[in-house]
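File shown here: protein_32.pdb, holding PDB, C-alpha atoms.
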ATOM      1  CA  VAL A   1      87.594 107.727  47.631
ATOM      2  CA  GLU A   2      90.193 109.650  45.638
ATOM      3  CA  THR A   3      87.755 111.152  43.162
ATOM      4  CA  GLN A   4      85.461 112.406  45.925
ATOM      5  CA  LEU A   5      88.365 113.925  47.879
ATOM      6  CA  ALA A   6      89.700 115.588  44.742
ATOM      7  CA  ARG A   7      86.280 117.068  44.035
ATOM      8  CA  GLU A   8      85.882 118.318  47.628
ATOM      9  CA  LEU A   9      89.361 119.868  47.617
ATOM     10  CA  ASN A  10      88.920 121.244  44.101
ATOM     11  CA  VAL A  11      92.136 119.622  42.841
ATOM     12  CA  SER A  12      92.963 116.921  40.349
ATOM     13  CA  GLN A  13      93.150 113.314  41.434
ATOM     14  CA  ALA A  14      96.966 113.078  41.120
ATOM     15  CA  PRO A  15      97.869 115.203  44.184
ATOM     16  CA  VAL A  16      95.226 113.394  46.244
ATOM     17  CA  ARG A  17      96.722 110.047  45.227
ATOM     18  CA  GLU A  18     100.239 111.310  46.097
ATOM     19  CA  ALA A  19      99.071 112.575  49.499
ATOM     20  CA  ILE A  20      97.380 109.257  50.253
ATOM     21  CA  LEU A  21     100.529 107.338  49.308
ATOM     22  CA  GLU A  22     102.658 109.686  51.439
ATOM     23  CA  LEU A  23     100.367 109.342  54.468
ATOM     24  CA  ALA A  24     100.290 105.564  54.024
ATOM     25  CA  ALA A  25     104.102 105.472  53.852
ATOM     26  CA  MET A  26     104.240 107.486  57.084
ATOM     27  CA  GLY A  27     101.897 104.972  58.708
ATOM     28  CA  ILE A  28      99.076 107.467  59.213
ATOM     29  CA  LEU A  29      96.789 105.780  56.703
ATOM     30  CA  GLU A  30      96.240 102.053  56.487
ATOM     31  CA  GLU A  31      95.615 100.553  53.072
ATOM     32  CA  ARG A  32      92.924  97.882  52.954
ATOM     33  CA  PRO A  33      92.531  95.721  49.875
ATOM     34  CA  TYR A  34      89.314  96.442  47.966
ATOM     35  CA  ALA A  35      88.276  98.987  50.600
ATOM     36  CA  GLY A  36      90.699 101.876  50.124
ATOM     37  CA  CYS A  37      92.460 103.634  52.975
ATOM     38  CA  VAL A  38      91.418 104.452  56.495
ATOM     39  CA  VAL A  39      93.060 106.678  59.070
ATOM     40  CA  ARG A  40      95.108 104.477  61.354
ATOM     41  CA  LYS A  41      94.596 104.880  65.076
ATOM     42  CA  LEU A  42      98.108 105.649  66.260
ATOM     43  CA  THR A  43      98.930 105.025  69.880
ATOM     44  CA  ALA A  44     101.473 106.902  71.971
ATOM     45  CA  GLU A  45     103.644 103.786  71.696
ATOM     46  CA  ASP A  46     103.420 103.921  67.880
ATOM     47  CA  VAL A  47     104.630 107.528  67.952
ATOM     48  CA  ALA A  48     107.453 106.646  70.349
ATOM     49  CA  ASP A  49     108.483 103.752  68.082
ATOM     50  CA  ILE A  50     108.640 106.055  65.052
ATOM     51  CA  TYR A  51     110.919 108.504  66.845
ATOM     52  CA  ASP A  52     113.051 105.803  68.468
ATOM     53  CA  THR A  53     113.641 104.366  65.002
ATOM     54  CA  ARG A  54     114.492 107.756  63.583
ATOM     55  CA  ALA A  55     116.829 108.480  66.513
ATOM     56  CA  ARG A  56     118.774 105.291  65.778
ATOM     57  CA  ILE A  57     118.940 105.970  62.054
ATOM     58  CA  ASP A  58     120.072 109.594  62.491
ATOM     59  CA  GLU A  59     122.510 108.514  65.217
ATOM     60  CA  TYR A  60     124.119 106.071  62.791
ATOM     61  CA  ALA A  61     124.182 108.694  60.049
ATOM     62  CA  ALA A  62     125.962 111.178  62.330
ATOM     63  CA  SER A  63     128.454 108.525  63.371
ATOM     64  CA  LEU A  64     129.379 107.795  59.750
ATOM     65  CA  ALA A  65     129.251 111.443  58.673
ATOM     66  CA  ALA A  66     131.742 112.421  61.371
ATOM     67  CA  HIS A  67     134.371 110.447  59.451
ATOM     68  CA  ARG A  68     133.114 110.638  55.889
ATOM     69  CA  ALA A  69     131.870 114.205  55.417
ATOM     70  CA  THR A  70     134.050 116.239  53.088
ATOM     71  CA  ASP A  71     135.160 119.754  53.919
ATOM     72  CA  GLU A  72     132.805 120.955  51.182
ATOM     73  CA  GLU A  73     129.859 119.137  52.768
ATOM     74  CA  LEU A  74     130.704 120.598  56.159
ATOM     75  CA  ASP A  75     130.934 124.067  54.602
ATOM     76  CA  ALA A  76     127.512 123.552  53.008
ATOM     77  CA  MET A  77     126.061 122.448  56.370
ATOM     78  CA  GLU A  78     127.525 125.535  58.026
ATOM     79  CA  GLN A  79     125.997 127.799  55.380
ATOM     80  CA  LEU A  80     122.646 126.088  55.853
ATOM     81  CA  LEU A  81     122.843 126.576  59.618
ATOM     82  CA  ARG A  82     123.612 130.270  59.108
ATOM     83  CA  GLY A  83     120.458 130.428  56.993
ATOM     84  CA  MET A  84     118.583 128.533  59.697
ATOM     85  CA  ASP A  85     119.683 131.187  62.211
ATOM     86  CA  LYS A  86     117.980 133.790  60.005
ATOM     87  CA  ALA A  87     114.795 131.759  59.449
ATOM     88  CA  ALA A  88     111.903 134.194  59.579
ATOM     89  CA  ASP A  89     109.275 131.660  60.573
ATOM     90  CA  ILE A  90     108.750 128.089  61.638
ATOM     91  CA  TYR A  91     108.034 126.944  58.062
ATOM     92  CA  GLU A  92     111.411 128.189  56.831
ATOM     93  CA  PHE A  93     113.121 126.653  59.866
ATOM     94  CA  VAL A  94     111.496 123.248  59.261
ATOM     95  CA  GLN A  95     112.575 123.211  55.615
ATOM     96  CA  LYS A  96     116.172 123.919  56.633
ATOM     97  CA  ASP A  97     115.972 121.380  59.471
ATOM     98  CA  ILE A  98     114.897 118.647  57.052
ATOM     99  CA  LEU A  99     117.678 119.629  54.648
ATOM    100  CA  PHE A 100     120.289 119.575  57.435
ATOM    101  CA  HIS A 101     119.362 116.031  58.463
ATOM    102  CA  ALA A 102     119.332 114.934  54.807
ATOM    103  CA  MET A 103     122.815 116.438  54.381
ATOM    104  CA  VAL A 104     124.066 114.424  57.366
ATOM    105  CA  VAL A 105     122.562 111.265  55.860
ATOM    106  CA  ASP A 106     124.152 112.048  52.481
ATOM    107  CA  ALA A 107     127.525 112.727  54.126
ATOM    108  CA  ALA A 108     127.360 109.273  55.724
ATOM    109  CA  ARG A 109     127.852 107.849  52.234
ATOM    110  CA  SER A 110     125.697 104.801  52.845
ATOM    111  CA  PRO A 111     123.266 104.109  50.000
ATOM    112  CA  THR A 112     121.303 101.685  52.198
ATOM    113  CA  LEU A 113     120.998 104.184  55.031
ATOM    114  CA  ARG A 114     119.913 106.883  52.587
ATOM    115  CA  ARG A 115     117.226 104.627  51.072
ATOM    116  CA  ILE A 116     115.895 103.642  54.506
ATOM    117  CA  TRP A 117     115.898 107.244  55.758
ATOM    118  CA  HIS A 118     113.946 108.451  52.725
ATOM    119  CA  SER A 119     111.600 105.452  52.526
ATOM    120  CA  LEU A 120     110.455 105.857  56.115
ATOM    121  CA  ARG A 121     109.441 109.465  55.431
ATOM    122  CA  LEU A 122     111.238 110.466  58.592
ATOM    123  CA  ALA A 123     111.617 114.063  57.529
ATOM    124  CA  GLU A 124     107.872 114.540  57.225
ATOM    125  CA  TRP A 125     107.507 113.892  60.946
ATOM    126  CA  THR A 126     109.637 116.992  61.542
ATOM    127  CA  ASN A 127     106.669 119.187  60.688
ATOM    128  CA  LEU A 128     104.647 117.516  63.433
ATOM    129  CA  SER A 129     107.525 117.571  65.910
ATOM    130  CA  VAL A 130     108.205 121.273  65.692
ATOM    131  CA  THR A 131     104.575 122.162  66.329
ATOM    132  CA  ALA A 132     104.469 120.072  69.504
ATOM    133  CA  THR A 133     107.889 120.826  70.973
ATOM    134  CA  GLU A 134     108.399 122.805  74.127
ATOM    135  CA  ASN A 135     111.833 123.888  72.884
ATOM    136  CA  SER A 136     112.191 127.386  71.540
ATOM    137  CA  LEU A 137     113.315 127.972  67.978
ATOM    138  CA  GLU A 138     116.585 129.316  69.405
ATOM    139  CA  LYS A 139     117.168 126.109  71.384
ATOM    140  CA  LEU A 140     116.490 124.010  68.291
ATOM    141  CA  LYS A 141     118.983 126.086  66.315
ATOM    142  CA  GLN A 142     121.571 125.585  69.072
ATOM    143  CA  ASN A 143     121.005 121.811  68.940
ATOM    144  CA  HIS A 144     121.828 121.763  65.239
ATOM    145  CA  TRP A 145     124.943 123.885  65.743
ATOM    146  CA  GLN A 146     126.108 121.465  68.450
ATOM    147  CA  ILE A 147     125.654 118.468  66.151
ATOM    148  CA  PHE A 148     127.548 120.336  63.431
ATOM    149  CA  HIS A 149     130.341 121.244  65.873
ATOM    150  CA  TYR A 150     130.884 117.568  66.700
ATOM    151  CA  LEU A 151     130.760 116.590  63.035
ATOM    152  CA  LYS A 152     133.360 119.222  62.181
ATOM    153  CA  MET A 153     135.572 118.004  65.059
ATOM    154  CA  ARG A 154     135.185 114.491  63.578
ATOM    155  CA  ASP A 155     133.991 113.317  66.994
ATOM    156  CA  GLU A 156     131.944 110.271  66.045
ATOM    157  CA  HIS A 157     130.748 109.438  69.546
ATOM    158  CA  ALA A 158     129.665 112.957  70.508
ATOM    159  CA  ALA A 159     128.031 113.632  67.120
ATOM    160  CA  SER A 160     126.038 110.408  67.189
ATOM    161  CA  ALA A 161     125.078 110.730  70.869
ATOM    162  CA  TYR A 162     123.938 114.329  70.483
ATOM    163  CA  MET A 163     121.996 113.469  67.330
ATOM    164  CA  PHE A 164     120.301 110.585  69.150
ATOM    165  CA  LEU A 165     119.331 112.803  72.092
ATOM    166  CA  HIS A 166     118.077 115.526  69.730
ATOM    167  CA  ILE A 167     115.661 113.180  67.932
ATOM    168  CA  LYS A 168     114.782 111.152  71.038
ATOM    169  CA  GLY A 169     113.822 114.376  72.809
ATOM    170  CA  PHE A 170     111.342 115.123  70.042
ATOM    171  CA  GLY A 171     109.995 111.594  70.355
ATOM    172  CA  ASP A 172     109.475 111.954  74.081
ATOM    173  CA  GLU A 173     107.678 115.273  73.548
ATOM    174  CA  MET A 174     105.530 113.864  70.751
ATOM    175  CA  LYS A 175     104.566 110.869  72.888
ATOM    176  CA  LYS A 176     103.569 113.216  75.733
ATOM    177  CA  HIS A 177     101.692 115.510  73.312
ATOM    178  CA  PHE A 178      99.910 112.539  71.763
ATOM    179  CA  THR A 179      98.996 111.117  75.185
ATOM    180  CA  ASP A 180      97.696 114.515  76.312
ATOM    181  CA  GLN A 181      95.573 114.841  73.168
ATOM    182  CA  MET A 182      94.131 111.356  73.644
ATOM    183  CA  GLN A 183      93.233 112.109  77.268
ATOM    184  CA  LYS A 184      91.483 115.324  76.247
ATOM    185  CA  LYS A 185      89.211 113.239  74.038
ATOM    186  CA  LEU A 186      88.225 110.989  76.933
TER     187      LEU A 186
END

Could you quickly redo this structure as structure tokens?
Amino acid sequence: VETQLARELNVSQAPVREAILELAAMGILEERPYAGCVVRKLTAEDVADIYDTRARIDEYAASLAAHRATDEELDAMEQLLRGMDKAADIYEFVQKDILFHAMVVDAARSPTLRRIWHSLRLAEWTNLSVTATENSLEKLKQNHWQIFHYLKMRDEHAASAYMFLHIKGFGDEMKKHFTDQMQKKL
């Protein structure tokens, strides 16, 4: 119940309502008519499906961006990556990671793709991914530089393939992490 949660968290009802809507959009909460929301029991296959979908969407975005990104957009991505290299902590890195992927989507110049990418709340999963990954922060930074390199070379196939593998790798790790967590509960 929103009012009870707001009271327990000592906040107004508006941020609780926004959080519930966000979690429902991500598929973590399930809305039930006349009963409110319940936490959805995600399976490892659900998690894999989320990341497989994101991998395909980001792959397509990179493919389009390789041809459509302006020099100014590429310069902005490069500046962002330089900032990512200097990220002091994981929180700062994640914020820049989300922005980088959003910039690639924007550079694709596809209003439909942009709407889908934002509506699926794909970026929010990045926070979860980074906490579960076995990759070092340095390796993650290198992945982004490689994607950028292919975008700047206007190499559609390499940019899209590397983007796909980047996201798919997170999906595989999240599925393994999720499976491991479920087995610990047994």

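Nearest to His177 (chain A) of all the residues A:Ser129, A:Gln95, A:Thr3, A:Thr53 is A:Ser129, counting only C-alpha atoms.
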
Tell me which residues the PyMOL selection byres ((chain A and resi 36) around 12) grabs here, as a PyMOL selection string.
chain A and resi 1-3+17+20-21+24+29-35+37-39

For each of A:Lys175, A:Arg121, A:His166, A:Lys96, take the minimum atom-to-atom distance to Asp46 (chain A), counting all atoms listed in the file, then give the residue where this is smallest.
A:Lys175

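CA of Ala107 (chain A) is found 27.1 Å from CA of Thr133 (chain A).
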
Write out as CSV a residue-level contact list of region 66-129 of chain A versus region 148-158 of chain A with cut-off 7 Å: for each qualifying residue the closest pair of atoms and the distance in Å to one decimal, counting all atoms listed in the file, rows sorted by chain and residue number upward.
residue,atom,partner,partner_atom,distance
A:Ala66,CA,A:Arg154,CA,4.6
A:His67,CA,A:Arg154,CA,5.8
A:Leu74,CA,A:Lys152,CA,6.7

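One distance worth recording is that between CA of Ala69 (chain A) and CA of Val104 (chain A), which is 8.0 Å.
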
Spatial neighbours of Gly171 (chain A), 7 Å, only C-alpha atoms, chain gap at least 3 places, as a PyMOL selection string:
chain A and resi 48+51-52+167-168+174-175

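Nearest to Ala62 (chain A) of all the residues A:Lys86, A:Arg114, A:His101, A:Lys184 is A:His101, counting all atoms listed in the file.
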
Separation of CA of Leu64 (chain A) and CA of Ala132 (chain A), in Å?
29.4 Å

Using all atoms listed in the file, which residue out of A:Met26, A:Ala19, A:Leu99, A:Leu42 lies closest to Gly83 (chain A)?
A:Leu99

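Proximity to Leu165 (chain A) was assessed for A:Ala55, A:Lys185, A:Glu92, A:Glu73 counting all atoms listed in the file; the smallest distance is recorded for A:Ala55.
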
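For the set A:Leu140, A:Leu186, A:Val105, A:Val11, the residue with the smallest atom-to-atom gap to Glu59 (chain A) is A:Val105, counting only C-alpha atoms.
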
Protein, DNA and RNA residues within 12 Å of (113.5, 104.3, 54.9), all atoms listed in the file, as a PyMOL selection string
chain A and resi 25-26+50+53-54+57-58+105+111-124

For Gln142 (chain A): contacts at 10 Å, all atoms listed in the file, fewer than 5 positions along chain excluded, given as a list in words
Leu81, Asp85, Ser136, Leu137, Ile147 and Phe148 of chain A

Take the residues from that selection and write them out as an mmCIF file, in the coordinates of the input, keeping C-alpha atoms.
data_model
loop_
_atom_site.group_PDB
_atom_site.id
_atom_site.type_symbol
_atom_site.label_atom_id
_atom_site.label_comp_id
_atom_site.auth_asym_id
_atom_site.auth_seq_id
_atom_site.Cartn_x
_atom_site.Cartn_y
_atom_site.Cartn_z
ATOM 1 C CA LEU A 81 122.843 126.576 59.618
ATOM 2 C CA ASP A 85 119.683 131.187 62.211
ATOM 3 C CA SER A 136 112.191 127.386 71.540
ATOM 4 C CA LEU A 137 113.315 127.972 67.978
ATOM 5 C CA ILE A 147 125.654 118.468 66.151
ATOM 6 C CA PHE A 148 127.548 120.336 63.431
#
